[in-house]
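Trainee: First, the structure itself, so that you have it in front of you.
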Amino acid sequence: MSLSIFSLHAMLFANGATIAVIVLMLFMAFKLYESYKNKQIYQLLISALLLFFVKHSLLLSDSLIPTAYSSWLNVTAILLQIISFIIINFVYLKLYTYRSAQLKVVPFALLAAFSLLLPVAEHFMPQWPMLDLYSLAVVLIVIIATRSANLTRKYYASLIIYFIYELARLANQYLFETYTPYLKLIIYAAPILYYCLLFLLLFDWVIDRLLTTYHVSILDGLTGLYNRRHFQSKAEQMIRQSTPVAIIFCDIDNFKKLNDTKGHLHADVILKQVAEIIKEETAEIGISGRYGGEELLACIAVAANKVRRVAESIRSRVELESGVTVSVGYSIAKQPCPIHELVKQADEAMYMSKTSGKNKVSAYKTIPAALKKNQAVT
């Protein structure tokens, strides 16, 4: 196989592979556009990807069917590449530094608009490859402008790969007249790596948003424990899968007084400390959640004779480490039962601790039958 045929096949493969990656990114971009409210940023993302797609489609078609307009197609491809590169970097900076950086559209728009004037200038000064030089300058400007943005390594790796690609392309076009396989390899391989990194960056961002949304939907924002709805769902699964299962119900003593005397911020700190203790004590054996206000609870799957030990460990650690005390109650289910009934029983046991001196642990089974009936009525 001759070098020219090999080069043609390599070019076809490189452009085909990059188009395939761009199509995948376009699919993701359209899904983001449909799913999120901030439409403008996703419109820009789709625009940049469409420009990339047109650019590589032009190169692919020119490789298959060369025409008399090949030089103009090459200029158009470079122009599309510059504009799409500027837009895509603006989009990624906006996505990844939305809260920490106030990005302005104007500088990026000026960069893109200025590139449109270069083919005209190059027509009058053909001895200066102004469009090619500007494409290299744009990469340097973006690298310098984003050096303090604290973005991911993938992003900076994509810029470096793109810069190497531009250097290789210009060197091959203006410095070497003979076939240079190493430069050709860079010219064909670098775009594939560049678009793969862009795809991974977008994919990572989407996954991060999905995880954030998921965590918001299941976790209490202050304590980091499961919220009430998700706790009940997880506890129901535990009851179906294993027995015995116990609910430990904790209520911070004198929490309203703490709010009134020390303030809400201090009370929130205490609440988070108590929540962390409960989470640590039950991490290997169950789940923990916030029931409401200063009421925290856990669902654990251990032998019945060990439940009180866990409850006592929570109570003693809270007293020693947080400066407050908790009243604790627990109830054990030795066979599957509705979770709301088990929580209600543990709540009644906690109320028994609260009304008989506080800072103690009570089991539901030790509550007198008459008191259980009265609490059920009230």
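Lettering and numbering for the structure tokens are positional, with chains as A, B, ... in the shown order, residues counted from 1 in each chain, and ligands counted from 1 in the shown order.
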Could you give me, as a list of chain:residue names, the residues within 7 Å of Ile339 in chain A, counting only C-alpha atoms and dropping anything in the same chain fewer than 5 positions from it?
Mentor: A:Gln232, A:Ala235, A:Glu236
Trainee: Considering only C-alpha atoms, return as a PyMOL selection string whatever protein or nucleic-acid residues lie within 10 Å of Met28 in chain A, sequence-local ones (same chain, fewer than 3 positions apart) excluded.
Mentor: chain A and resi 22-25+31-34+42+46+199+202-203+206
Trainee: Rank nothing, just name the residue among A:Asn259, A:Ala246, A:His340, A:Leu159 nearest to Ala311 in chain A, using only C-alpha atoms.
Mentor: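 So, comparing all the options, the nearest one is A:Ala246.
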Trainee: Range 130-300 of chain A: which residues are strand (DSSP E) by DSSP, as a list in words?
Mentor: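 Those in range 130-300 of chain A that DSSP calls strand (DSSP E) are Val245, Ala246, Ile247, Ile248, Phe249, Cys250, Asp251, Ile252, Gly286, Ile287, Ser288, Gly289, Arg290, Tyr291, Gly292, Glu295, Leu296, Leu297, Ala298, Cys299 and Ile300 of chain A.
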Trainee: Generate a file of the selected residues that holds N, CA, C and O atoms, formatted as a PDB file, in the first residue's frame.
Mentor:
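Result written to result_30.pdb:
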ATOM      1  N   VAL A 245     -35.112  -6.766  63.021  1.00  0.00           N
ATOM      2  CA  VAL A 245     -34.749  -5.395  62.666  1.00  0.00           C
ATOM      3  C   VAL A 245     -35.254  -4.490  63.774  1.00  0.00           C
ATOM      4  O   VAL A 245     -36.342  -4.703  64.307  1.00  0.00           O
ATOM      5  N   ALA A 246     -34.446  -3.491  64.114  1.00  0.00           N
ATOM      6  CA  ALA A 246     -34.827  -2.581  65.199  1.00  0.00           C
ATOM      7  C   ALA A 246     -34.764  -1.133  64.725  1.00  0.00           C
ATOM      8  O   ALA A 246     -33.926  -0.767  63.904  1.00  0.00           O
ATOM      9  N   ILE A 247     -35.666  -0.332  65.257  1.00  0.00           N
ATOM     10  CA  ILE A 247     -35.651   1.123  65.061  1.00  0.00           C
ATOM     11  C   ILE A 247     -35.185   1.763  66.358  1.00  0.00           C
ATOM     12  O   ILE A 247     -35.731   1.484  67.433  1.00  0.00           O
ATOM     13  N   ILE A 248     -34.169   2.606  66.256  1.00  0.00           N
ATOM     14  CA  ILE A 248     -33.684   3.383  67.405  1.00  0.00           C
ATOM     15  C   ILE A 248     -34.065   4.841  67.163  1.00  0.00           C
ATOM     16  O   ILE A 248     -33.675   5.430  66.151  1.00  0.00           O
ATOM     17  N   PHE A 249     -34.841   5.390  68.087  1.00  0.00           N
ATOM     18  CA  PHE A 249     -35.380   6.749  67.942  1.00  0.00           C
ATOM     19  C   PHE A 249     -34.704   7.657  68.963  1.00  0.00           C
ATOM     20  O   PHE A 249     -34.757   7.392  70.168  1.00  0.00           O
ATOM     21  N   CYS A 250     -34.051   8.732  68.481  1.00  0.00           N
ATOM     22  CA  CYS A 250     -33.312   9.646  69.367  1.00  0.00           C
ATOM     23  C   CYS A 250     -33.884  11.061  69.270  1.00  0.00           C
ATOM     24  O   CYS A 250     -34.167  11.539  68.160  1.00  0.00           O
ATOM     25  N   ASP A 251     -34.010  11.694  70.415  1.00  0.00           N
ATOM     26  CA  ASP A 251     -34.484  13.078  70.456  1.00  0.00           C
ATOM     27  C   ASP A 251     -33.537  13.863  71.362  1.00  0.00           C
ATOM     28  O   ASP A 251     -33.301  13.486  72.520  1.00  0.00           O
ATOM     29  N   ILE A 252     -32.983  14.959  70.835  1.00  0.00           N
ATOM     30  CA  ILE A 252     -32.033  15.759  71.613  1.00  0.00           C
ATOM     31  C   ILE A 252     -32.781  16.476  72.731  1.00  0.00           C
ATOM     32  O   ILE A 252     -33.780  17.162  72.486  1.00  0.00           O
ATOM     33  N   GLY A 286     -26.698  -0.869  59.558  1.00  0.00           N
ATOM     34  CA  GLY A 286     -27.991  -0.338  59.162  1.00  0.00           C
ATOM     35  C   GLY A 286     -27.906   1.032  58.541  1.00  0.00           C
ATOM     36  O   GLY A 286     -26.884   1.412  57.969  1.00  0.00           O
ATOM     37  N   ILE A 287     -28.971   1.787  58.670  1.00  0.00           N
ATOM     38  CA  ILE A 287     -29.081   3.117  58.071  1.00  0.00           C
ATOM     39  C   ILE A 287     -29.536   4.115  59.126  1.00  0.00           C
ATOM     40  O   ILE A 287     -30.049   3.725  60.185  1.00  0.00           O
ATOM     41  N   SER A 288     -29.344   5.392  58.844  1.00  0.00           N
ATOM     42  CA  SER A 288     -29.773   6.440  59.768  1.00  0.00           C
ATOM     43  C   SER A 288     -30.461   7.552  58.996  1.00  0.00           C
ATOM     44  O   SER A 288     -30.195   7.770  57.814  1.00  0.00           O
ATOM     45  N   GLY A 289     -31.365   8.269  59.678  1.00  0.00           N
ATOM     46  CA  GLY A 289     -32.117   9.316  59.013  1.00  0.00           C
ATOM     47  C   GLY A 289     -32.584  10.389  59.973  1.00  0.00           C
ATOM     48  O   GLY A 289     -32.495  10.238  61.194  1.00  0.00           O
ATOM     49  N   ARG A 290     -33.082  11.475  59.390  1.00  0.00           N
ATOM     50  CA  ARG A 290     -33.661  12.563  60.192  1.00  0.00           C
ATOM     51  C   ARG A 290     -35.171  12.484  60.045  1.00  0.00           C
ATOM     52  O   ARG A 290     -35.707  12.582  58.948  1.00  0.00           O
ATOM     53  N   TYR A 291     -35.841  12.314  61.169  1.00  0.00           N
ATOM     54  CA  TYR A 291     -37.288  12.153  61.150  1.00  0.00           C
ATOM     55  C   TYR A 291     -37.987  13.497  61.097  1.00  0.00           C
ATOM     56  O   TYR A 291     -39.047  13.645  60.516  1.00  0.00           O
ATOM     57  N   GLY A 292     -37.373  14.495  61.712  1.00  0.00           N
ATOM     58  CA  GLY A 292     -37.951  15.835  61.733  1.00  0.00           C
ATOM     59  C   GLY A 292     -37.409  16.613  62.906  1.00  0.00           C
ATOM     60  O   GLY A 292     -37.281  16.076  64.009  1.00  0.00           O
ATOM     61  N   GLU A 295     -35.292  15.184  65.897  1.00  0.00           N
ATOM     62  CA  GLU A 295     -35.552  13.753  66.009  1.00  0.00           C
ATOM     63  C   GLU A 295     -34.763  12.987  64.951  1.00  0.00           C
ATOM     64  O   GLU A 295     -34.954  13.198  63.749  1.00  0.00           O
ATOM     65  N   LEU A 296     -33.874  12.137  65.405  1.00  0.00           N
ATOM     66  CA  LEU A 296     -33.038  11.331  64.521  1.00  0.00           C
ATOM     67  C   LEU A 296     -33.278   9.871  64.826  1.00  0.00           C
ATOM     68  O   LEU A 296     -33.566   9.506  65.973  1.00  0.00           O
ATOM     69  N   LEU A 297     -33.163   9.043  63.823  1.00  0.00           N
ATOM     70  CA  LEU A 297     -33.427   7.628  64.063  1.00  0.00           C
ATOM     71  C   LEU A 297     -32.547   6.756  63.186  1.00  0.00           C
ATOM     72  O   LEU A 297     -31.916   7.214  62.228  1.00  0.00           O
ATOM     73  N   ALA A 298     -32.487   5.476  63.577  1.00  0.00           N
ATOM     74  CA  ALA A 298     -31.689   4.503  62.847  1.00  0.00           C
ATOM     75  C   ALA A 298     -32.471   3.208  62.725  1.00  0.00           C
ATOM     76  O   ALA A 298     -33.322   2.897  63.576  1.00  0.00           O
ATOM     77  N   CYS A 299     -32.206   2.494  61.660  1.00  0.00           N
ATOM     78  CA  CYS A 299     -32.770   1.159  61.476  1.00  0.00           C
ATOM     79  C   CYS A 299     -31.604   0.197  61.356  1.00  0.00           C
ATOM     80  O   CYS A 299     -30.760   0.348  60.467  1.00  0.00           O
ATOM     81  N   ILE A 300     -31.525  -0.769  62.259  1.00  0.00           N
ATOM     82  CA  ILE A 300     -30.374  -1.675  62.280  1.00  0.00           C
ATOM     83  C   ILE A 300     -30.847  -3.125  62.234  1.00  0.00           C
ATOM     84  O   ILE A 300     -31.936  -3.463  62.699  1.00  0.00           O
TER      85      ILE A 300
END
Trainee: Write out as number ranges by chain the set of residues from range 119-246 of chain A that DSSP, computed on the backbone, places in alpha helix (DSSP H).
Mentor: A: 119-124, 130-145, 153-174, 181-218, 228-241
Trainee: What is the distance, in Å and to one decimal place, between CA of His56 in chain A and CA of Ile143 in chain A?
Mentor: 23.6 Å
Trainee: Considering only C-alpha atoms, can you say which of A:Ala157, A:Ile87, A:Thr76, A:Arg309 comes closest to Asp62 in chain A?
Mentor: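 Between A:Ala157, A:Ile87, A:Thr76, A:Arg309, the residue approaching Asp62 in chain A most closely is A:Thr76.
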Trainee: Please tabulate, as CSV, the residues of range 227-322 of chain A that come within 8 Å of range 353-361 of chain A, each with its closest pair of atoms and the distance in Å to one decimal, counting only C-alpha atoms and ordering rows by chain, then residue number upward.
Mentor:
residue,atom,partner,partner_atom,distance
A:Asp253,CA,A:Lys358,CA,6.9
A:Arg308,CA,A:Val361,CA,7.7
A:Ala311,CA,A:Val361,CA,6.8
A:Glu312,CA,A:Val361,CA,6.5
A:Arg315,CA,A:Asn359,CA,7.0
Trainee: Let me make sure I understand: among A:Ile160, A:Leu271, A:Ala149, A:Val139, which one has the smallest atom-to-atom distance to Ala190 in chain A if we use only C-alpha atoms?
Mentor: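 The answer is A:Ile160, which sits nearest to Ala190 in chain A.
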Trainee: I'd like to know which of A:Pro244, A:Val269, A:Ile278, A:Ser313 is closest to Cys337 in chain A, using only C-alpha atoms.
Mentor: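 Using only C-alpha atoms, the shortest distance to Cys337 in chain A belongs to A:Pro244.
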Trainee: Please provide the set of residues having any atom within 9 Å of range 12-20 of chain A, restricted to only C-alpha atoms, with same-chain residues fewer than 4 positions apart removed, written as number ranges by chain.
Mentor: A: 7-8, 24-25, 52-53, 56-57, 59-60, 63-64, 187-196
Trainee: Can you measure CA of Gly329 in chain A to CA of Asp260 in chain A for me? One decimal in Å is fine.
Mentor: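 Computing the Euclidean distance for CA of Gly329 in chain A and CA of Asp260 in chain A yields 25.7 Å.
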Trainee: In Å, with one decimal, what is the gap from CA of Lys37 in chain A to CA of Leu210 in chain A?
Mentor: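 Those two atoms sit 14.8 Å apart.
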